[in-house]
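Peer 1: Once you've had a glance at the structure underneath, I'll fire off some questions.
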Amino acid sequence: SKNMAPIATGREEFDEIPTVVGIFSAFGLVFTVSLFAWICCQRKSSKSNKTPPYKFVHVLKGVDIYPENLNSKKKFGADEKNDIKNKPAMPKNSLHLDLEKRDLNGNFPKTNPKAGSSSDLENVTPKLFPEGEKEAVSADSLKSSTSLSSEEKQEKLGTLFFSLEYNFEKKAFVVNIKEARGLPAMDEQSMTSDPYIKMTILPEKKHKVKTRVLRKTLDPAFDETFTFYGIPYTQIQELALHFTILSFDRFSRDDIIGEVLIPLSGIELSGGKMLMNREIIKRNVRKSSGRGELLISLCYQSTTNTLTVVVLKARHLPKSDVSGLSDPYVKVNLYHAKKRISKKKTHVKKCTPNAVFNELFVFDIPCEGLEEISVEFLVLDSERGSRNEVIGRLVLGAAAEGSGGEHWKEICDFPRRQIAKWHMLCDG
């Protein structure tokens with residue numbers, strides 16, 4: 001019996017260990033649940049804040065986009081009208097985009113905005129929403145933006161209706177694209193269009209937005225609002241709005257219906273929201289004689305059967321449209337028996353008609369000689385968020401005409417020699 005007593009005491013100690021572990025586990029579980037609930041409450045309270053954090057959502061979804069670099073003090077300033085004169089102009093790269101709220105499907109509530117009667121279509125003078133206030137647009141700015149040639153007047157492309165507003169509290173420039181009327185039919189089979197609108201703030205061309213596509217209509221009612229934060233009111237006079245009206249095409253390049261250019265010089269937005277309309281004009285199309293030139297250097301290595309192509313320079317490139325200079329780059333395509341076997345491209349050069357590339361590409365030739373080989377050069381204008389437009393085209397090969405054929409014959413006659421020539425670009 002004396003020997004059994006210590007054994008019983010040891011068993012009791014072993015029985016107490018699971019109990020202690022269970023108590024600590026229960027306390028740990030309660031602590032974890034409490035911590036999780038506290039974190040959830042903190043997240044919920046942060047979402048209900050007046051200035052939610054910046055988030056990027058696709059522009060067509062219709063969800064708010066807030067500026068990432070603006071805190072509450074910058075976004076909601078008091079007495080903005082009095083402080084603008086004393087504050088220096090913000091840098092142009094501080095623009096931010098915001099879309100106002102729509103419903104859960106990404107659409108605006110149905111409204112029937114009437115910008116004016118049919119007699120108002122010819123009137124391009126902006127109107128103030130507040131009654132009793134006078135118009136504040138200079139005659140010079142109206143003439144510059146509405147001057148139409150006799151040919152453009154004959155071809156009616158419709159009318160664009162929109163409104164402009166400046167929010168002094170949020171330091172924001174607000175553009176509402178309301179509707180377009182009387183658009184031409186771009187689909188010959190259905191005799192209708194699938195219109196949408198791209199808008200760019202000039203002269204920067206950095207901030208581009210677009211509306212959703214409305215199917216099978218010649219009188220689309222968009223009613224979409226775009227808000228640009230970080231634009232001082234004093235800078236509004238230096239800007240211009242460029243609208244491009246397009247028709248969506250699922251199987252090829254979208255059709256361009258026309259464009260509208262609105263210089264903001266002389267437009268006074270301090271009185272409130274302004275309803276405006278402009279006739280859509282035909283887009284400025286480049287002439288074939290003004291595509292520019294491209295300097296290309298070629299060298300054929302017969303021993304290694306390789307072709308070295310150097311894209312050196314481009315000069316006298318035309319403007320992409322009324323919005324300003326092009327952002328050119330060059331695509332190089334190698335063809336064998338009319339089949340593309342390789343492709344390269346240069347870097348983009350920003351806002352210049354005279355680009356310097358100096359980029360070298362080496363192509364392996366799959367056959368002996370260059371009789372069935374040709375090289376295509378496409379000079380394109382880089383457009384963020386849309387399809388790049390071809391500025392000009394150049395083909396070098398045995399069957400090429402003019403300077404392209406002469407250049408090709410020289411590199412065949414003088415292998416291992418680098419030969420450079422200027423070439424005129426033709427239509428793409």
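Ordering of the structure tokens sets the chain letters (A, B, ...), residue numbers begin anew at 1 in every chain, and ligands are numbered from 1 in the order given.
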For A:Lys338, work out the shell of residues within 10 Å, counting only C-alpha atoms and skipping chain neighbours fewer than 5 positions away, then give it as a compact mmCIF listing (two decimals) with all heavy atoms, in the first residue's frame.

Peer 2:
# COMPACT_ATOMS: atom_id res chain seq x y z
N GLU A 372 12.55 35.87 -102.89
CA GLU A 372 11.18 35.72 -102.40
C GLU A 372 10.97 36.38 -101.04
O GLU A 372 9.98 36.13 -100.37
CB GLU A 372 10.82 34.23 -102.30
CG GLU A 372 10.80 33.52 -103.65
CD GLU A 372 10.36 32.09 -103.51
OE1 GLU A 372 10.36 31.57 -102.37
OE2 GLU A 372 10.00 31.48 -104.53
N ILE A 373 11.92 37.22 -100.62
CA ILE A 373 11.85 37.89 -99.32
C ILE A 373 11.44 39.35 -99.52
O ILE A 373 11.87 40.01 -100.47
CB ILE A 373 13.21 37.83 -98.59
CG1 ILE A 373 13.61 36.37 -98.35
CG2 ILE A 373 13.14 38.58 -97.26
CD1 ILE A 373 12.68 35.60 -97.44
N SER A 374 10.60 39.84 -98.63
CA SER A 374 10.24 41.27 -98.60
C SER A 374 10.06 41.71 -97.16
O SER A 374 9.78 40.89 -96.27
CB SER A 374 8.95 41.53 -99.40
OG SER A 374 7.87 40.84 -98.82

Peer 1: Find the residues near A:Val311: any atom within 6 Å, counting only C-alpha atoms, skip ones fewer than 3 places away on the same chain, and give them as a PDB file with N, CA and C atoms, in the first residue's frame.

Peer 2:
ATOM      1  N   ILE A 296      15.780  53.964 -93.501  1.00  0.00           N
ATOM      2  CA  ILE A 296      16.014  52.551 -93.231  1.00  0.00           C
ATOM      3  C   ILE A 296      17.407  52.165 -93.717  1.00  0.00           C
ATOM      4  N   ASN A 358      16.731  54.465 -84.098  1.00  0.00           N
ATOM      5  CA  ASN A 358      18.049  53.806 -83.994  1.00  0.00           C
ATOM      6  C   ASN A 358      17.940  52.421 -83.365  1.00  0.00           C
ATOM      7  N   GLU A 359      17.058  51.601 -83.900  1.00  0.00           N
ATOM      8  CA  GLU A 359      16.858  50.245 -83.371  1.00  0.00           C
ATOM      9  C   GLU A 359      17.167  49.223 -84.462  1.00  0.00           C
TER      10      GLU A 359
END

Peer 1: List every residue of stretch 180-236 of chain A that DSSP, applied to the backbone of this structure, places in helix (DSSP H, G or I), and write the result as a list in words.

Peer 2: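 Of stretch 180-236 of chain A, only Tyr233, Thr234, Gln235 and Ile236 of chain A fall in helix (DSSP H, G or I).
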
Peer 1: Taking the DSSP secondary structure from the backbone, can you list the residues of stretch 190-424 of chain A that are strand (DSSP E), as JSON, numbers by chain?

Peer 2: {"A": [195, 196, 197, 198, 199, 200, 201, 202, 208, 209, 210, 221, 222, 223, 224, 225, 226, 227, 228, 229, 240, 241, 242, 243, 244, 245, 246, 247, 255, 256, 257, 258, 259, 260, 261, 262, 263, 274, 275, 276, 277, 278, 279, 293, 294, 295, 296, 297, 298, 299, 300, 301, 306, 307, 308, 309, 310, 311, 312, 313, 314, 315, 328, 329, 330, 331, 332, 333, 334, 335, 336, 339, 340, 341, 342, 343, 344, 345, 356, 357, 358, 359, 360, 361, 362, 363, 364, 373, 374, 375, 376, 377, 378, 379, 380, 381, 389, 390, 391, 392, 393, 394, 395, 396, 397, 419, 420, 421, 422, 423, 424]}

Peer 1: As a ChimeraX atom specification, please: the residues near A:Arg417 (cut-off 8 Å, only C-alpha atoms, same-chain neighbours under 2 positions excluded).

Peer 2: /A:299-300,411,414-415,419

Peer 1: Residues at most 9 Å from stretch 347-354 of chain A, counting only C-alpha atoms, excluding those fewer than 3 positions away in the same chain, as a list in words?

Peer 2: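 My reading of the contact set: Gly292, Lys313, Ala314, Arg315, His316, Leu317, Pro318, Lys319, Gly324, Leu325, Ser326, Asp327, Pro328, Tyr329, Val330, Phe357, Glu359, Asp381 and Ser382 of chain A.
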
Peer 1: Output all heavy atoms for every residue in the selection just made, as a short mmCIF file (atom, residue, chain, number, x, y, z; two decimals), in the first residue's frame.

Peer 2:
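What landed in out09.cif:
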data_model
loop_
_atom_site.label_atom_id
_atom_site.label_comp_id
_atom_site.auth_asym_id
_atom_site.auth_seq_id
_atom_site.Cartn_x
_atom_site.Cartn_y
_atom_site.Cartn_z
N GLY A 292 4.84 61.42 -94.67
CA GLY A 292 6.15 61.50 -94.04
C GLY A 292 7.14 60.56 -94.69
O GLY A 292 6.86 59.89 -95.70
N LYS A 313 15.34 56.76 -88.53
CA LYS A 313 14.59 57.98 -88.24
C LYS A 313 13.29 58.03 -89.03
O LYS A 313 13.13 57.34 -90.04
CB LYS A 313 15.41 59.24 -88.59
CG LYS A 313 16.70 59.41 -87.83
CD LYS A 313 17.42 60.67 -88.29
CE LYS A 313 18.75 60.87 -87.57
NZ LYS A 313 19.45 62.09 -88.03
N ALA A 314 12.38 58.88 -88.57
CA ALA A 314 11.18 59.26 -89.33
C ALA A 314 11.08 60.78 -89.28
O ALA A 314 11.47 61.40 -88.28
CB ALA A 314 9.93 58.62 -88.75
N ARG A 315 10.58 61.37 -90.35
CA ARG A 315 10.46 62.82 -90.37
C ARG A 315 9.19 63.24 -91.11
O ARG A 315 8.65 62.49 -91.93
CB ARG A 315 11.68 63.46 -91.03
CG ARG A 315 11.86 63.17 -92.51
CD ARG A 315 13.16 63.73 -93.03
NE ARG A 315 13.36 63.46 -94.46
CZ ARG A 315 14.48 63.72 -95.14
NH1 ARG A 315 15.51 64.27 -94.49
NH2 ARG A 315 14.57 63.45 -96.43
N HIS A 316 8.73 64.43 -90.76
CA HIS A 316 7.55 65.04 -91.38
C HIS A 316 6.30 64.16 -91.24
O HIS A 316 5.46 64.10 -92.14
CB HIS A 316 7.81 65.33 -92.86
CG HIS A 316 9.05 66.10 -93.14
ND1 HIS A 316 9.44 67.18 -92.37
CD2 HIS A 316 10.03 65.93 -94.08
CE1 HIS A 316 10.58 67.66 -92.83
NE2 HIS A 316 10.96 66.92 -93.86
N LEU A 317 6.18 63.47 -90.10
CA LEU A 317 4.98 62.67 -89.88
C LEU A 317 3.80 63.59 -89.63
O LEU A 317 3.93 64.62 -88.95
CB LEU A 317 5.17 61.73 -88.69
CG LEU A 317 6.27 60.68 -88.81
CD1 LEU A 317 6.36 59.84 -87.55
CD2 LEU A 317 6.04 59.80 -90.02
N PRO A 318 2.62 63.27 -90.17
CA PRO A 318 1.46 64.16 -89.99
C PRO A 318 0.88 64.03 -88.60
O PRO A 318 1.17 63.09 -87.85
CB PRO A 318 0.48 63.64 -91.05
CG PRO A 318 0.81 62.20 -91.17
CD PRO A 318 2.30 62.07 -90.97
N LYS A 319 0.02 64.98 -88.26
CA LYS A 319 -0.73 64.91 -87.01
C LYS A 319 -1.73 63.77 -87.09
O LYS A 319 -2.29 63.50 -88.15
CB LYS A 319 -1.45 66.23 -86.74
CG LYS A 319 -0.53 67.40 -86.47
CD LYS A 319 -1.32 68.65 -86.16
CE LYS A 319 -0.40 69.83 -85.87
NZ LYS A 319 -1.18 71.05 -85.54
N GLY A 324 -3.63 66.70 -81.89
CA GLY A 324 -2.23 67.03 -81.69
C GLY A 324 -1.29 66.08 -82.42
O GLY A 324 -1.67 65.39 -83.36
N LEU A 325 -0.03 66.05 -81.98
CA LEU A 325 1.00 65.27 -82.63
C LEU A 325 0.82 63.78 -82.39
O LEU A 325 0.15 63.36 -81.46
CB LEU A 325 2.38 65.72 -82.12
CG LEU A 325 2.75 67.18 -82.39
CD1 LEU A 325 4.08 67.51 -81.73
CD2 LEU A 325 2.82 67.45 -83.88
N SER A 326 1.48 63.00 -83.24
CA SER A 326 1.40 61.54 -83.13
C SER A 326 2.41 61.03 -82.11
O SER A 326 3.38 61.70 -81.75
CB SER A 326 1.68 60.90 -84.50
OG SER A 326 0.79 61.37 -85.47
N ASP A 327 2.18 59.81 -81.65
CA ASP A 327 3.12 59.07 -80.80
C ASP A 327 3.60 57.87 -81.62
O ASP A 327 3.12 56.74 -81.46
CB ASP A 327 2.46 58.60 -79.51
CG ASP A 327 1.96 59.76 -78.66
OD1 ASP A 327 2.57 60.84 -78.72
OD2 ASP A 327 0.97 59.59 -77.93
N PRO A 328 4.57 58.06 -82.54
CA PRO A 328 4.85 57.04 -83.54
C PRO A 328 5.72 55.90 -83.03
O PRO A 328 6.55 56.06 -82.13
CB PRO A 328 5.58 57.82 -84.64
CG PRO A 328 6.25 58.94 -83.91
CD PRO A 328 5.34 59.29 -82.76
N TYR A 329 5.53 54.73 -83.64
CA TYR A 329 6.44 53.60 -83.52
C TYR A 329 6.35 52.81 -84.81
O TYR A 329 5.45 53.03 -85.63
CB TYR A 329 6.12 52.72 -82.30
CG TYR A 329 4.85 51.93 -82.39
CD1 TYR A 329 4.87 50.58 -82.77
CD2 TYR A 329 3.62 52.50 -82.09
CE1 TYR A 329 3.71 49.84 -82.85
CE2 TYR A 329 2.46 51.76 -82.16
CZ TYR A 329 2.50 50.43 -82.54
OH TYR A 329 1.35 49.70 -82.62
N VAL A 330 7.29 51.88 -85.04
CA VAL A 330 7.39 51.18 -86.32
C VAL A 330 7.30 49.67 -86.08
O VAL A 330 8.01 49.13 -85.22
CB VAL A 330 8.71 51.52 -87.05
CG1 VAL A 330 8.77 50.80 -88.40
CG2 VAL A 330 8.85 53.02 -87.24
N PHE A 357 14.71 56.60 -83.87
CA PHE A 357 14.56 55.27 -83.28
C PHE A 357 15.92 54.60 -83.04
O PHE A 357 16.22 54.18 -81.92
CB PHE A 357 13.71 54.39 -84.20
CG PHE A 357 12.31 54.90 -84.40
CD1 PHE A 357 11.95 55.57 -85.57
CD2 PHE A 357 11.34 54.72 -83.43
CE1 PHE A 357 10.66 56.04 -85.77
CE2 PHE A 357 10.05 55.19 -83.62
CZ PHE A 357 9.72 55.84 -84.78
N GLU A 359 17.06 51.60 -83.90
CA GLU A 359 16.86 50.25 -83.37
C GLU A 359 17.17 49.22 -84.46
O GLU A 359 16.73 49.35 -85.60
CB GLU A 359 15.44 50.09 -82.85
CG GLU A 359 15.13 51.03 -81.69
CD GLU A 359 13.84 50.68 -80.97
OE1 GLU A 359 13.53 49.47 -80.85
OE2 GLU A 359 13.13 51.61 -80.55
N ASP A 381 0.50 55.17 -84.95
CA ASP A 381 0.31 56.14 -83.87
C ASP A 381 -0.21 55.40 -82.65
O ASP A 381 -1.29 54.80 -82.69
CB ASP A 381 -0.67 57.23 -84.30
CG ASP A 381 -0.91 58.25 -83.21
OD1 ASP A 381 -0.05 58.37 -82.32
OD2 ASP A 381 -1.96 58.92 -83.24
N SER A 382 0.55 55.40 -81.57
CA SER A 382 0.17 54.69 -80.36
C SER A 382 -0.99 55.41 -79.67
O SER A 382 -0.86 56.58 -79.30
CB SER A 382 1.36 54.58 -79.40
OG SER A 382 0.99 53.95 -78.19
#

Peer 1: Using only C-alpha atoms, can you tell me which of A:Lys421, A:Lys210, A:Arg250, A:Arg181 comes closest to A:Lys156?

Peer 2: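 Ranking A:Lys421, A:Lys210, A:Arg250, A:Arg181 by distance to A:Lys156, first place goes to A:Arg181.
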
Peer 1: Could you tell me which of A:Leu218, A:Val310, A:Leu164, A:Ile341 comes closest to A:Ser190 if we count only C-alpha atoms?

Peer 2: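 Selected residue with least distance to A:Ser190: A:Leu218.
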
Peer 1: Which is closer to A:Asn167 than all the others in A:Lys273, A:Leu214, A:Leu264, A:Asp187, using only C-alpha atoms?

Peer 2: A:Lys273

Peer 1: Could you check how far atom CA of A:Leu307 sits from atom CA of A:Gly402, in Å to one decimal?

Peer 2: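 Between atom CA of A:Leu307 and atom CA of A:Gly402 the gap is 20.8 Å.
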
Peer 1: I'd like to know which of A:Leu246, A:Leu261, A:Ala399, A:Val379 is closest to A:Glu279, using only C-alpha atoms.

Peer 2: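 Ranking A:Leu246, A:Leu261, A:Ala399, A:Val379 by distance to A:Glu279, first place goes to A:Leu261.
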
Peer 1: Closest to A:Ser297 among A:Phe226, A:Glu401, A:Val309, A:Phe377, using only C-alpha atoms?

Peer 2: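 Smallest separation from A:Ser297 among the options: A:Val309.
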
Peer 1: Write out as a PyMOL selection string which residues come within 7 Å of A:Asn176 when counting only C-alpha atoms, dropping same-chain ones fewer than 2 positions away.

Peer 2: chain A and resi 162-164+174+178+223-226

Peer 1: With only C-alpha atoms as the basis for distance, which of A:Val30, A:Ile245, A:Leu380, A:Ala420 is at the shortest distance from A:Thr308?

Peer 2: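 Nearest to A:Thr308: A:Ala420.
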